[in-house]
Amino acid sequence: ILPWSLVVLALLPAVVFVGFAFLLSTFSPEAESPFGSHGDYFSITGGVVLLFVALAAPELLIPDRREGVLSIYSSRPLRPDDYMGTRSASLLTVVAAFMLIPQVLMYIGFAALSADGFFSALVSNTDEIPKILAATVVYALAYAPLALLVATIASRKAAATGIYLGIMIVGAGLAAALVEATTLPGSRYAAILAVDGHPDYVRDWIFGTTGSSETTIANAGLDPWVSLVMIAIVAVASSVFVVWRYRRLM
């Protein structure tokens with residue numbers, strides 16, 4: 001129930017937004033609203049995806065270990081790398097769908113309502129497509145690999161979900177405290193502990209907006225590429241550990 005409820009939450013604002021555009025000709029992606037553009041809408045889906053990943057990653061990995069299913073998999077020509085590759089791909093696919101489906105709905109919906117014509121609007125807004133795809137990749141890599149790592153270590157689904165959300169929440173609070181309460185040289189780099197803020201910061205960089213200008217990372221004066229590097233490091237380190245762990249288990 002909870003994962004499908006999150007799917008609805010990710011799609012509903014886009015449906016409502018396009019519906020308002022249909023009813024009110026002055027309501028458009030450029031108008032002031034909580035989700036007024038493709039970049040801004042990632043703020044909504046990003047939070048929803050974070051919760052979904054926290055629920056889905058433990059469901060993908062922990063039951064197989066607790067119920068002894070790994071030994072059955074190992075009796076077939078299935079390598080640990082194959083097992084983790086398919087599990088990771090399934091999670092990343094759903095996360096990408098979370099991000100892309102509302103964006104596609106908005107892109108096509110507003111093109112259909114454009115006074116310049118449907119195909120003309122589609123062509124004139126094609127510069128948004130690479131940005132949408134890039135932001136989707138950033139969010140997927142920022143959230144999914146770390147969730148899989150936690151699910152690899154934890155023995156219970158509820159514990160894995162709690163630990164993952166705890167890392168995100170505690171990391172953000174600790175980073176803010178260290179950046180704001182200390183004056184030691186280099187203390188601003190403590191902002192990298194705000195793991196949940198990195199994708200938002202990189203998203204603003206991609207779309208050329210300032211939606212996350214008040215985040216700990218931005219206030220610390222770090223460049224967006226620092227957040228991008230941190231996302232890559234965490235994703236690679238998490239993936240390497242998960243594969244290593246399952247090579248030992250299988």
# chains A, B, ... in the order shown; residues from 1 in each chain; ligands from 1
call {"tool": "residues_around", "arguments": {"residues": "range 230-232 of chain A", "least_positions_apart": "3", "cutoff": "12 Å", "atoms": "only C-alpha atoms", "output": "ChimeraX atom specification"}}
result
/A:137-146,189,191-202,217,222-227,235-239
call {"tool": "write_last_selection", "arguments": {"atoms": "N, CA and C atoms", "output": "mmCIF file, in the first residue's frame"}}
result
data_model
loop_
_atom_site.group_PDB
_atom_site.id
_atom_site.type_symbol
_atom_site.label_atom_id
_atom_site.label_comp_id
_atom_site.auth_asym_id
_atom_site.auth_seq_id
_atom_site.Cartn_x
_atom_site.Cartn_y
_atom_site.Cartn_z
ATOM 1 N N VAL A 137 19.001 10.868 -13.375
ATOM 2 C CA VAL A 137 20.166 10.031 -13.076
ATOM 3 C C VAL A 137 20.797 10.434 -11.742
ATOM 4 N N VAL A 138 20.889 11.734 -11.510
ATOM 5 C CA VAL A 138 21.492 12.233 -10.273
ATOM 6 C C VAL A 138 20.705 11.761 -9.049
ATOM 7 N N TYR A 139 19.390 11.906 -9.080
ATOM 8 C CA TYR A 139 18.575 11.476 -7.943
ATOM 9 C C TYR A 139 18.650 9.966 -7.743
ATOM 10 N N ALA A 140 18.623 9.207 -8.830
ATOM 11 C CA ALA A 140 18.674 7.750 -8.714
ATOM 12 C C ALA A 140 19.982 7.295 -8.083
ATOM 13 N N LEU A 141 21.099 7.874 -8.519
ATOM 14 C CA LEU A 141 22.397 7.496 -7.976
ATOM 15 C C LEU A 141 22.595 8.011 -6.556
ATOM 16 N N ALA A 142 21.952 9.114 -6.222
ATOM 17 C CA ALA A 142 22.099 9.672 -4.877
ATOM 18 C C ALA A 142 21.343 8.859 -3.829
ATOM 19 N N TYR A 143 20.228 8.252 -4.205
ATOM 20 C CA TYR A 143 19.368 7.581 -3.235
ATOM 21 C C TYR A 143 19.476 6.056 -3.243
ATOM 22 N N ALA A 144 19.468 5.444 -4.424
ATOM 23 C CA ALA A 144 19.330 3.988 -4.505
ATOM 24 C C ALA A 144 20.539 3.201 -4.012
ATOM 25 N N PRO A 145 21.781 3.482 -4.452
ATOM 26 C CA PRO A 145 22.904 2.648 -4.012
ATOM 27 C C PRO A 145 23.100 2.620 -2.495
ATOM 28 N N LEU A 146 22.944 3.767 -1.849
ATOM 29 C CA LEU A 146 23.099 3.801 -0.397
ATOM 30 C C LEU A 146 22.015 2.991 0.295
ATOM 31 N N TYR A 189 33.351 22.199 4.885
ATOM 32 C CA TYR A 189 33.285 20.933 4.150
ATOM 33 C C TYR A 189 32.472 19.867 4.881
ATOM 34 N N ALA A 191 29.553 20.170 5.277
ATOM 35 C CA ALA A 191 28.279 20.186 4.544
ATOM 36 C C ALA A 191 28.115 18.961 3.655
ATOM 37 N N ILE A 192 29.206 18.287 3.317
ATOM 38 C CA ILE A 192 29.090 17.103 2.458
ATOM 39 C C ILE A 192 28.377 15.966 3.173
ATOM 40 N N LEU A 193 28.225 16.071 4.509
ATOM 41 C CA LEU A 193 27.496 15.043 5.255
ATOM 42 C C LEU A 193 25.993 15.117 4.996
ATOM 43 N N ALA A 194 25.524 16.212 4.450
ATOM 44 C CA ALA A 194 24.094 16.357 4.129
ATOM 45 C C ALA A 194 23.805 15.592 2.840
ATOM 46 N N VAL A 195 23.758 14.269 2.954
ATOM 47 C CA VAL A 195 23.634 13.411 1.770
ATOM 48 C C VAL A 195 22.362 13.707 0.992
ATOM 49 N N ASP A 196 21.281 13.970 1.708
ATOM 50 C CA ASP A 196 20.002 14.174 1.021
ATOM 51 C C ASP A 196 19.949 15.478 0.249
ATOM 52 N N GLY A 197 20.837 16.414 0.548
ATOM 53 C CA GLY A 197 20.820 17.715 -0.118
ATOM 54 C C GLY A 197 21.612 17.776 -1.404
ATOM 55 N N HIS A 198 22.487 16.815 -1.634
ATOM 56 C CA HIS A 198 23.334 16.851 -2.829
ATOM 57 C C HIS A 198 22.548 16.802 -4.135
ATOM 58 N N PRO A 199 21.577 15.902 -4.285
ATOM 59 C CA PRO A 199 20.855 15.879 -5.571
ATOM 60 C C PRO A 199 20.077 17.155 -5.844
ATOM 61 N N ASP A 200 19.511 17.766 -4.803
ATOM 62 C CA ASP A 200 18.789 19.031 -4.997
ATOM 63 C C ASP A 200 19.728 20.135 -5.475
ATOM 64 N N TYR A 201 20.920 20.165 -4.900
ATOM 65 C CA TYR A 201 21.899 21.190 -5.257
ATOM 66 C C TYR A 201 22.366 21.009 -6.706
ATOM 67 N N VAL A 202 22.627 19.762 -7.086
ATOM 68 C CA VAL A 202 23.045 19.483 -8.461
ATOM 69 C C VAL A 202 21.903 19.765 -9.435
ATOM 70 N N ILE A 217 24.516 22.984 2.048
ATOM 71 C CA ILE A 217 25.611 22.877 1.082
ATOM 72 C C ILE A 217 25.837 24.217 0.391
ATOM 73 N N LEU A 222 30.017 25.647 -1.103
ATOM 74 C CA LEU A 222 30.593 24.584 -1.925
ATOM 75 C C LEU A 222 30.040 24.668 -3.348
ATOM 76 N N ASP A 223 30.851 24.287 -4.290
ATOM 77 C CA ASP A 223 30.418 24.279 -5.686
ATOM 78 C C ASP A 223 29.544 23.060 -5.969
ATOM 79 N N PRO A 224 28.647 23.166 -6.932
ATOM 80 C CA PRO A 224 27.788 22.017 -7.266
ATOM 81 C C PRO A 224 28.563 20.775 -7.666
ATOM 82 N N TRP A 225 29.737 20.959 -8.292
ATOM 83 C CA TRP A 225 30.505 19.789 -8.710
ATOM 84 C C TRP A 225 30.973 18.976 -7.514
ATOM 85 N N VAL A 226 31.124 19.624 -6.339
ATOM 86 C CA VAL A 226 31.491 18.887 -5.128
ATOM 87 C C VAL A 226 30.374 17.908 -4.759
ATOM 88 N N SER A 227 29.131 18.383 -4.843
ATOM 89 C CA SER A 227 27.995 17.500 -4.581
ATOM 90 C C SER A 227 27.926 16.372 -5.594
ATOM 91 N N ALA A 235 27.858 6.374 -4.480
ATOM 92 C CA ALA A 235 27.251 5.365 -5.337
ATOM 93 C C ALA A 235 28.231 4.249 -5.671
ATOM 94 N N VAL A 236 29.456 4.625 -6.030
ATOM 95 C CA VAL A 236 30.460 3.614 -6.384
ATOM 96 C C VAL A 236 30.856 2.796 -5.167
ATOM 97 N N ALA A 237 31.117 3.467 -4.034
ATOM 98 C CA ALA A 237 31.515 2.745 -2.820
ATOM 99 C C ALA A 237 30.412 1.801 -2.358
ATOM 100 N N SER A 238 29.162 2.254 -2.411
ATOM 101 C CA SER A 238 28.035 1.407 -2.005
ATOM 102 C C SER A 238 27.915 0.193 -2.920
ATOM 103 N N SER A 239 28.049 0.417 -4.230
ATOM 104 C CA SER A 239 27.927 -0.676 -5.193
ATOM 105 C C SER A 239 29.028 -1.709 -4.999
#
call {"tool": "atom_distance", "arguments": {"atom1": "CA of Val15 in chain A", "atom2": "CA of Ala54 in chain A"}}
result
25.1 Å
call {"tool": "residues_around", "arguments": {"residues": "Met250 in chain A", "least_positions_apart": "3", "cutoff": "12 Å", "atoms": "only C-alpha atoms", "output": "NGL selection string"}}
result
:A and (64-65 or 68-84 or 243-247)
call {"tool": "select_by_dssp", "arguments": {"residues": "range 43-235 of chain A", "states": "helix (DSSP H, G or I)", "output": "ChimeraX atom specification"}}
result
/A:43-66,69-74,80-112,118-124,128-153,157-181,187-193,195-207,216-219,224-235
call {"tool": "residues_around", "arguments": {"residues": "Ile129 in chain A", "least_positions_apart": "3", "cutoff": "12 Å", "atoms": "only C-alpha atoms", "output": "JSON, numbers by chain"}}
result
{"A": [38, 39, 100, 103, 104, 106, 107, 108, 122, 123, 124, 125, 126, 132, 133, 134, 135, 136, 206, 207]}
call {"tool": "atom_distance", "arguments": {"atom1": "CA of Leu105 in chain A", "atom2": "CA of Ala14 in chain A"}}
result
6.8 Å
